[in-house]
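Step one of this worksheet: look at the structure below.
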Amino acid sequence: MKAMILAAGLGNRMRPLTLYKPKPLLEVGGKALIVWHIEKLKKIGVTDIVINSAWLADILIGTLGDGSQFGVNILWTREDQGLETAGGIINALPLLGTEPFILVNGDVWTTFDFASLLNVNLGNDLAHLVFVTNPEQHPKGDFTLAESRAYTFEQEQQGDNLTYSGVAVLNPQMFDGLEAGKRPLAPLLKQAMIDGRISAEKMQAVWVDVGTPERLSSLDLQIRQGIYD
(Lines give C-alpha, C1' and ligand atoms only; values in the text may rest on other atoms or scores of the structure.)
Protein backbone atom coordinates (compact mmCIF):
# COMPACT_ATOMS: atom_id res chain seq x y z
CA MET A 1 0.00 0.00 0.00
CA LYS A 2 1.21 3.50 -0.81
CA ALA A 3 0.57 6.76 1.00
CA MET A 4 0.30 10.42 0.06
CA ILE A 5 1.08 13.30 2.39
CA LEU A 6 -0.39 16.66 1.42
CA ALA A 7 2.29 19.30 1.91
CA ALA A 8 1.72 22.00 -0.70
CA GLY A 9 -0.18 24.58 1.35
CA LEU A 10 0.96 28.16 1.85
CA GLY A 11 0.54 28.04 5.61
CA ASN A 12 -0.84 31.58 5.72
CA ARG A 13 -2.28 31.19 9.20
CA MET A 14 1.17 30.21 10.45
CA ARG A 15 2.92 33.35 9.30
CA PRO A 16 5.51 34.66 10.03
CA LEU A 17 6.77 31.14 10.82
CA THR A 18 6.09 29.97 7.26
CA LEU A 19 7.65 32.89 5.41
CA TYR A 20 10.94 31.02 5.09
CA LYS A 21 10.02 27.48 6.11
CA PRO A 22 7.23 25.32 4.62
CA LYS A 23 4.57 24.46 7.18
CA PRO A 24 5.23 20.67 7.19
CA LEU A 25 8.78 21.36 8.42
CA LEU A 26 7.65 23.28 11.49
CA GLU A 27 8.65 21.26 14.54
CA VAL A 28 6.88 19.88 17.58
CA GLY A 29 8.69 17.77 20.12
CA GLY A 30 11.98 18.34 18.28
CA LYS A 31 10.69 16.81 15.03
CA ALA A 32 9.09 18.24 11.88
CA LEU A 33 5.34 17.69 11.60
CA ILE A 34 5.73 15.74 8.37
CA VAL A 35 8.48 13.54 9.83
CA TRP A 36 6.06 12.29 12.50
CA HIS A 37 3.83 11.04 9.65
CA ILE A 38 6.71 9.52 7.68
CA GLU A 39 7.91 7.59 10.72
CA LYS A 40 4.40 6.34 11.53
CA LEU A 41 3.96 5.11 7.96
CA LYS A 42 7.38 3.43 7.99
CA LYS A 43 6.44 1.68 11.25
CA ILE A 44 3.45 -0.03 9.61
CA GLY A 45 5.44 -1.02 6.54
CA VAL A 46 4.24 1.70 4.17
CA THR A 47 7.47 2.84 2.57
CA ASP A 48 6.34 4.26 -0.80
CA ILE A 49 5.22 7.79 0.02
CA VAL A 50 4.17 10.49 -2.44
CA ILE A 51 4.42 14.09 -1.23
CA ASN A 52 3.17 17.11 -3.15
CA SER A 53 4.96 20.44 -2.90
CA ALA A 54 4.43 24.04 -3.93
CA TRP A 55 5.29 26.75 -1.39
CA LEU A 56 9.04 26.71 -0.65
CA ALA A 57 9.22 23.36 -2.44
CA ASP A 58 13.01 23.43 -2.80
CA ILE A 59 13.43 23.70 0.96
CA LEU A 60 10.95 20.88 1.64
CA ILE A 61 12.44 18.55 -0.97
CA GLY A 62 15.99 19.47 -0.01
CA THR A 63 15.32 18.60 3.63
CA LEU A 64 13.52 15.28 3.15
CA GLY A 65 15.17 14.16 -0.08
CA ASP A 66 14.38 10.69 -1.37
CA GLY A 67 13.40 9.49 2.09
CA SER A 68 16.38 7.18 2.54
CA GLN A 69 17.29 8.87 5.82
CA PHE A 70 13.95 7.60 7.18
CA GLY A 71 14.06 4.19 5.50
CA VAL A 72 11.32 5.06 3.01
CA ASN A 73 11.06 5.96 -0.67
CA ILE A 74 9.67 9.47 -1.20
CA LEU A 75 8.35 10.44 -4.61
CA TRP A 76 7.68 14.14 -5.20
CA THR A 77 5.24 16.17 -7.23
CA ARG A 78 5.59 19.91 -7.76
CA GLU A 79 2.75 22.36 -8.19
CA ASP A 80 3.54 25.80 -9.61
CA GLN A 81 0.56 27.05 -7.68
CA GLY A 82 -1.32 25.08 -5.06
CA LEU A 83 -3.88 22.81 -6.71
CA GLU A 84 -5.92 22.27 -3.52
CA THR A 85 -6.48 18.80 -2.15
CA ALA A 86 -8.15 16.95 -5.01
CA GLY A 87 -6.07 18.75 -7.62
CA GLY A 88 -2.90 17.73 -5.84
CA ILE A 89 -4.03 14.11 -5.68
CA ILE A 90 -5.00 14.02 -9.36
CA ASN A 91 -1.57 15.43 -10.22
CA ALA A 92 0.03 12.60 -8.21
CA LEU A 93 -2.06 9.70 -9.54
CA PRO A 94 0.64 8.51 -11.97
CA LEU A 95 2.85 7.89 -8.91
CA LEU A 96 0.09 6.47 -6.70
CA GLY A 97 -1.15 3.83 -9.12
CA THR A 98 -4.57 2.21 -9.23
CA GLU A 99 -4.83 0.66 -5.76
CA PRO A 100 -6.31 2.38 -2.67
CA PHE A 101 -3.81 4.52 -0.77
CA ILE A 102 -3.51 6.22 2.60
CA LEU A 103 -3.96 10.01 2.55
CA VAL A 104 -2.63 12.22 5.36
CA ASN A 105 -2.76 16.00 5.71
CA GLY A 106 0.72 17.30 6.44
CA ASP A 107 -0.48 19.89 8.94
CA VAL A 108 -2.11 17.64 11.54
CA TRP A 109 -0.52 15.73 14.41
CA THR A 110 -1.95 12.59 15.95
CA THR A 111 -1.20 9.55 18.06
CA PHE A 112 -3.57 7.52 15.85
CA ASP A 113 -2.11 4.17 14.83
CA PHE A 114 -2.11 4.08 11.04
CA ALA A 115 -1.89 0.26 11.15
CA SER A 116 -5.68 -0.05 11.21
CA LEU A 117 -5.83 1.62 7.80
CA LEU A 118 -4.07 -1.37 6.27
CA ASN A 119 -7.12 -3.47 7.13
CA VAL A 120 -9.64 -1.17 5.44
CA ASN A 121 -11.47 -3.02 2.68
CA LEU A 122 -13.15 -0.41 0.51
CA GLY A 123 -15.08 -2.90 -1.60
CA ASN A 124 -17.40 -0.71 -3.67
CA ASP A 125 -16.62 2.38 -1.60
CA LEU A 126 -14.52 5.26 -2.87
CA ALA A 127 -13.11 6.28 0.51
CA HIS A 128 -12.83 5.53 4.20
CA LEU A 129 -12.55 8.65 6.35
CA VAL A 130 -11.30 9.02 9.90
CA PHE A 131 -13.28 11.56 11.93
CA VAL A 132 -12.53 13.29 15.22
CA THR A 133 -14.51 15.09 17.90
CA ASN A 134 -15.09 18.66 16.76
CA PRO A 135 -12.24 20.91 17.93
CA GLU A 136 -12.92 24.24 19.58
CA GLN A 137 -12.19 26.16 16.37
CA HIS A 138 -14.60 24.02 14.32
CA PRO A 139 -17.58 23.29 16.59
CA LYS A 140 -20.13 22.29 13.94
CA GLY A 141 -17.99 19.64 12.25
CA ASP A 142 -17.90 18.57 8.60
CA PHE A 143 -19.96 15.42 8.17
CA THR A 144 -22.24 12.98 9.99
CA LEU A 145 -21.14 9.53 11.13
CA ALA A 146 -23.84 6.88 11.48
CA GLU A 147 -23.28 3.13 11.66
CA SER A 148 -19.79 3.36 10.15
CA ARG A 149 -21.00 5.37 7.16
CA ALA A 150 -20.38 9.03 6.29
CA TYR A 151 -23.11 11.47 5.31
CA THR A 152 -23.43 15.13 4.38
CA PHE A 153 -25.44 17.37 6.68
CA GLU A 154 -27.90 17.84 3.82
CA GLN A 155 -28.74 14.14 3.98
CA GLU A 156 -30.09 14.76 7.50
CA GLN A 157 -28.96 11.40 8.79
CA GLN A 158 -29.26 10.75 12.52
CA GLY A 159 -25.77 10.36 13.96
CA ASP A 160 -22.77 12.27 15.28
CA ASN A 161 -21.60 15.43 13.54
CA LEU A 162 -17.81 15.19 13.46
CA THR A 163 -14.73 16.75 11.85
CA TYR A 164 -12.65 15.11 9.12
CA SER A 165 -9.20 14.45 10.57
CA GLY A 166 -7.25 14.66 7.33
CA VAL A 167 -6.55 10.92 7.52
CA ALA A 168 -8.22 8.59 5.04
CA VAL A 169 -7.95 5.69 2.63
CA LEU A 170 -8.92 6.70 -0.90
CA ASN A 171 -9.70 4.71 -4.03
CA PRO A 172 -8.16 6.40 -7.09
CA GLN A 173 -11.44 5.67 -8.90
CA MET A 174 -12.86 8.70 -7.08
CA PHE A 175 -10.96 10.85 -9.57
CA ASP A 176 -11.85 8.96 -12.76
CA GLY A 177 -12.57 11.30 -15.64
CA LEU A 178 -11.50 14.45 -13.79
CA GLU A 179 -9.09 16.79 -15.52
CA ALA A 180 -5.97 18.16 -13.85
CA GLY A 181 -6.25 21.58 -12.27
CA LYS A 182 -7.19 23.34 -9.06
CA ARG A 183 -9.92 21.36 -7.34
CA PRO A 184 -10.99 20.88 -3.69
CA LEU A 185 -11.68 17.42 -2.28
CA ALA A 186 -14.78 18.20 -0.22
CA PRO A 187 -17.28 18.33 -3.14
CA LEU A 188 -16.06 14.93 -4.36
CA LEU A 189 -16.45 13.45 -0.89
CA LYS A 190 -19.95 14.89 -0.54
CA GLN A 191 -21.06 13.45 -3.87
CA ALA A 192 -19.65 10.05 -2.92
CA MET A 193 -21.55 10.25 0.38
CA ILE A 194 -24.76 11.02 -1.47
CA ASP A 195 -24.04 7.98 -3.64
CA GLY A 196 -23.55 5.89 -0.48
CA ARG A 197 -19.92 5.09 -1.19
CA ILE A 198 -17.98 6.33 1.86
CA SER A 199 -17.31 4.49 5.11
CA ALA A 200 -15.93 6.17 8.20
CA GLU A 201 -14.82 5.76 11.78
CA LYS A 202 -14.22 7.98 14.79
CA MET A 203 -10.62 8.25 15.90
CA GLN A 204 -9.88 7.13 19.44
CA ALA A 205 -6.59 9.00 19.76
CA VAL A 206 -5.10 12.45 20.23
CA TRP A 207 -5.45 14.73 17.20
CA VAL A 208 -4.41 18.34 16.71
CA ASP A 209 -5.00 20.60 13.72
CA VAL A 210 -1.76 22.55 13.94
CA GLY A 211 -3.23 25.59 12.24
CA THR A 212 -1.84 28.52 14.21
CA PRO A 213 1.46 29.42 15.93
CA GLU A 214 -0.35 29.19 19.26
CA ARG A 215 -1.49 25.61 18.64
CA LEU A 216 1.98 24.70 17.40
CA SER A 217 3.59 26.07 20.56
CA SER A 218 1.04 24.40 22.84
CA LEU A 219 1.47 21.01 21.16
CA ASP A 220 5.25 21.32 21.28
CA LEU A 221 5.13 21.95 25.02
CA GLN A 222 2.75 19.03 25.65
CA ILE A 223 4.92 16.60 23.70
CA ARG A 224 8.07 17.76 25.49
CA GLN A 225 6.32 17.32 28.84
CA GLY A 226 5.59 13.71 27.92
CA ILE A 227 1.81 14.09 28.06
CA TYR A 228 1.33 11.90 24.98
CA ASP A 229 3.92 9.23 25.74
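Letters A, B, ... mark the chains of the C-alpha coordinates in the order given; residue numbers begin at 1 per chain; ligand numbers begin at 1, in order shown.
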
* Which residues in segment 85-161 of chain A does DSSP call alpha helix (DSSP H)? List them as a ChimeraX atom specification. -> /A:85-96

Counting only C-alpha atoms, closest pick from A:Phe175, A:Trp55, A:Tyr20, A:Phe143 relative to Gly159 of chain A is A:Phe143

_Report as a PyMOL selection string all protein, DNA and RNA residues lying within 12 Å of Leu60 of chain A, evaluated on only C-alpha atoms, omitting residues in the same chain fewer than 2 positions from it._
chain A and resi 7-9+18+20-26+32-35+51-58+62-67+74+76-78+106

Write the residues of the selection above to a file with N, CA, C and O atoms, as a tab-separated table (two decimals), in the first residue's frame.
```
chain	number	residue	atom	x	y	z
A	7	ALA	N	1.32	18.38	1.32
A	7	ALA	CA	2.29	19.30	1.91
A	7	ALA	C	2.51	20.55	1.07
A	7	ALA	O	3.55	21.19	1.16
A	8	ALA	N	1.52	20.90	0.24
A	8	ALA	CA	1.72	22.00	-0.70
A	8	ALA	C	1.13	23.33	-0.26
A	8	ALA	O	1.23	24.33	-0.97
A	9	GLY	N	0.51	23.36	0.92
A	9	GLY	CA	-0.18	24.58	1.35
A	9	GLY	C	0.75	25.74	1.65
A	9	GLY	O	1.93	25.57	1.97
A	18	THR	N	6.01	30.66	8.55
A	18	THR	CA	6.09	29.97	7.26
A	18	THR	C	6.58	30.88	6.12
A	18	THR	O	6.49	30.51	4.95
A	20	TYR	N	9.67	31.58	5.58
A	20	TYR	CA	10.94	31.02	5.09
A	20	TYR	C	11.06	29.52	5.31
A	20	TYR	O	12.07	28.93	5.00
A	21	LYS	N	10.01	28.92	5.88
A	21	LYS	CA	10.02	27.48	6.11
A	21	LYS	C	8.64	26.93	5.77
A	21	LYS	O	7.64	27.43	6.28
A	22	PRO	N	8.55	25.89	4.93
A	22	PRO	CA	7.23	25.32	4.62
A	22	PRO	C	6.59	24.74	5.88
A	22	PRO	O	7.29	24.18	6.74
A	23	LYS	N	5.29	24.86	5.97
A	23	LYS	CA	4.57	24.46	7.18
A	23	LYS	C	4.87	23.04	7.64
A	23	LYS	O	5.05	22.80	8.83
A	24	PRO	N	4.97	22.05	6.73
A	24	PRO	CA	5.23	20.67	7.19
A	24	PRO	C	6.58	20.50	7.90
A	24	PRO	O	6.79	19.50	8.58
A	25	LEU	N	7.48	21.47	7.75
A	25	LEU	CA	8.78	21.36	8.42
A	25	LEU	C	8.81	22.06	9.77
A	25	LEU	O	9.83	22.01	10.47
A	26	LEU	N	7.72	22.71	10.15
A	26	LEU	CA	7.65	23.28	11.49
A	26	LEU	C	7.70	22.13	12.50
A	26	LEU	O	7.14	21.07	12.27
A	32	ALA	N	10.00	17.60	12.83
A	32	ALA	CA	9.09	18.24	11.88
A	32	ALA	C	7.76	17.52	11.83
A	32	ALA	O	7.69	16.28	11.93
A	33	LEU	N	6.67	18.29	11.66
A	33	LEU	CA	5.34	17.69	11.60
A	33	LEU	C	5.27	16.55	10.59
A	33	LEU	O	4.74	15.48	10.88
A	34	ILE	N	5.83	16.76	9.42
A	34	ILE	CA	5.73	15.74	8.37
A	34	ILE	C	6.57	14.50	8.70
A	34	ILE	O	6.23	13.39	8.29
A	35	VAL	N	7.63	14.68	9.47
A	35	VAL	CA	8.48	13.54	9.83
A	35	VAL	C	7.73	12.60	10.78
A	35	VAL	O	7.90	11.37	10.71
A	51	ILE	N	4.63	12.80	-1.90
A	51	ILE	CA	4.42	14.09	-1.23
A	51	ILE	C	4.31	15.17	-2.29
A	51	ILE	O	5.17	15.26	-3.17
A	52	ASN	N	3.26	15.99	-2.21
A	52	ASN	CA	3.17	17.11	-3.15
A	52	ASN	C	3.80	18.36	-2.53
A	52	ASN	O	3.91	18.49	-1.31
A	53	SER	N	4.26	19.26	-3.37
A	53	SER	CA	4.96	20.44	-2.90
A	53	SER	C	4.62	21.63	-3.77
A	53	SER	O	4.32	21.49	-4.96
A	54	ALA	N	4.66	22.80	-3.18
A	54	ALA	CA	4.43	24.04	-3.93
A	54	ALA	C	5.20	25.17	-3.23
A	54	ALA	O	6.27	25.54	-3.66
A	55	TRP	N	4.65	25.67	-2.13
A	55	TRP	CA	5.29	26.75	-1.39
A	55	TRP	C	6.62	26.29	-0.80
A	55	TRP	O	6.67	25.29	-0.09
A	56	LEU	N	7.70	27.03	-1.14
A	56	LEU	CA	9.04	26.71	-0.65
A	56	LEU	C	9.39	25.24	-0.91
A	56	LEU	O	10.00	24.57	-0.07
A	57	ALA	N	9.03	24.77	-2.09
A	57	ALA	CA	9.22	23.36	-2.44
A	57	ALA	C	10.69	22.94	-2.37
A	57	ALA	O	11.00	21.83	-1.93
A	58	ASP	N	11.60	23.80	-2.80
A	58	ASP	CA	13.01	23.43	-2.80
A	58	ASP	C	13.52	23.15	-1.40
A	58	ASP	O	14.34	22.24	-1.19
A	62	GLY	N	14.58	19.52	-0.41
A	62	GLY	CA	15.99	19.47	-0.01
A	62	GLY	C	16.19	18.89	1.38
A	62	GLY	O	17.20	18.23	1.65
A	63	THR	N	15.21	19.10	2.25
A	63	THR	CA	15.32	18.60	3.63
A	63	THR	C	15.01	17.11	3.73
A	63	THR	O	15.70	16.36	4.41
A	64	LEU	N	13.96	16.68	3.03
A	64	LEU	CA	13.52	15.28	3.15
A	64	LEU	C	14.15	14.37	2.10
A	64	LEU	O	14.28	13.16	2.33
A	65	GLY	N	14.50	14.93	0.96
A	65	GLY	CA	15.17	14.16	-0.08
A	65	GLY	C	14.36	12.98	-0.58
A	65	GLY	O	13.13	13.05	-0.69
A	66	ASP	N	15.05	11.89	-0.84
A	66	ASP	CA	14.38	10.69	-1.37
A	66	ASP	C	13.83	9.79	-0.27
A	66	ASP	O	13.30	8.71	-0.55
A	67	GLY	N	13.96	10.25	0.97
A	67	GLY	CA	13.40	9.49	2.09
A	67	GLY	C	14.32	8.44	2.67
A	67	GLY	O	13.97	7.80	3.68
A	74	ILE	N	10.55	8.32	-0.97
A	74	ILE	CA	9.67	9.47	-1.20
A	74	ILE	C	9.70	9.85	-2.67
A	74	ILE	O	10.76	10.03	-3.27
A	76	TRP	N	8.16	12.76	-5.31
A	76	TRP	CA	7.68	14.14	-5.20
A	76	TRP	C	6.87	14.57	-6.42
A	76	TRP	O	7.16	14.17	-7.54
A	77	THR	N	5.88	15.42	-6.16
A	77	THR	CA	5.24	16.17	-7.23
A	77	THR	C	5.39	17.65	-6.90
A	77	THR	O	5.42	18.04	-5.72
A	78	ARG	N	5.50	18.46	-7.93
A	78	ARG	CA	5.59	19.91	-7.76
A	78	ARG	C	4.37	20.57	-8.38
A	78	ARG	O	3.91	20.17	-9.45
A	106	GLY	N	-0.58	17.05	5.84
A	106	GLY	CA	0.72	17.30	6.44
A	106	GLY	C	0.69	18.24	7.62
A	106	GLY	O	1.70	18.37	8.33
```

Please tabulate, as JSON lines, the residues of segment 30-97 of chain A that come within 10 Å of segment 117-137 of chain A, each with its closest pair of atoms and the distance in Å to one decimal, counting only C-alpha atoms and ordering rows by chain, then residue number upward.
```
{"residue": "A:Ile44", "atom": "CA", "partner": "A:Leu118", "partner_atom": "CA", "distance": 8.3}
{"residue": "A:Gly45", "atom": "CA", "partner": "A:Leu118", "partner_atom": "CA", "distance": 9.5}
{"residue": "A:Val46", "atom": "CA", "partner": "A:Leu118", "partner_atom": "CA", "distance": 9.1}
```

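Each of A:Phe101, A:Gln69, A:Met174, A:Gly29 was compared to Asp48 of chain A using only C-alpha atoms, and A:Phe101 turns out to be the nearest.
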
Contacts of Ile49 of chain A at 6 Å or less, counting only C-alpha atoms, minus same-chain residues fewer than 4 places along, as a PyMOL selection string?
chain A and resi 2-4+74

Selected residue of minimal separation from Phe114 of chain A among A:Lys43, A:Tyr228, A:Met193, A:Thr152, counting only C-alpha atoms:
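The closest residue to Phe114 of chain A is A:Lys43.
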
Neighbours of Ser199 of chain A within 6 Å (only C-alpha atoms; same-chain residues fewer than 3 positions away dropped), as a PDB file with N, CA, C and O atoms, in the first residue's frame?
```
ATOM      1  N   HIS A 128     -12.572   5.768   2.783  1.00  0.00           N
ATOM      2  CA  HIS A 128     -12.826   5.527   4.199  1.00  0.00           C
ATOM      3  C   HIS A 128     -12.205   6.701   4.945  1.00  0.00           C
ATOM      4  O   HIS A 128     -10.989   6.925   4.839  1.00  0.00           O
ATOM      5  N   SER A 148     -21.025   3.529  10.937  1.00  0.00           N
ATOM      6  CA  SER A 148     -19.795   3.355  10.154  1.00  0.00           C
ATOM      7  C   SER A 148     -19.890   3.871   8.721  1.00  0.00           C
ATOM      8  O   SER A 148     -19.091   3.490   7.869  1.00  0.00           O
ATOM      9  N   ARG A 149     -20.863   4.751   8.475  1.00  0.00           N
ATOM     10  CA  ARG A 149     -20.998   5.375   7.160  1.00  0.00           C
ATOM     11  C   ARG A 149     -20.945   6.892   7.321  1.00  0.00           C
ATOM     12  O   ARG A 149     -21.302   7.431   8.374  1.00  0.00           O
ATOM     13  N   ALA A 150     -20.490   7.582   6.263  1.00  0.00           N
ATOM     14  CA  ALA A 150     -20.380   9.033   6.289  1.00  0.00           C
ATOM     15  C   ALA A 150     -21.488   9.667   5.465  1.00  0.00           C
ATOM     16  O   ALA A 150     -21.834   9.176   4.382  1.00  0.00           O
TER      17      ALA A 150
END
```

Return as an MDAnalysis selection string the full set of residues in segment 4-213 of chain A whose backbone-based DSSP assignment is strand (DSSP E). chainID A and resid 4:6 27:28 31:32 48:53 73:78 101:105 108:110 127:132 143:146 149:151 160:170 198:202 207:209

Could you work out how far atom CA of Ala186 of chain A lies from atom CA of Glu154 of chain A, giving the answer in Å with one decimal?
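Distance between the two atoms: 13.7 Å.
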
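The list of residues with at least one atom within 10 Å of Met14 of chain A, based on only C-alpha atoms and without residues fewer than 6 positions apart in the same chain, reads Pro22, Lys23, Leu26, Val210, Gly211, Thr212, Pro213, Glu214, Arg215 and Leu216 of chain A.
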
* When you draw a straight line from atom CA of Ala192 of chain A to atom CA of Lys40 of chain A, how long is it in Å? ->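 Separating atom CA of Ala192 of chain A from atom CA of Lys40 of chain A is a distance of 28.3 Å.
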
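Here atom CA of Asn91 of chain A stands at a distance of 9.3 Å from atom CA of Glu179 of chain A.
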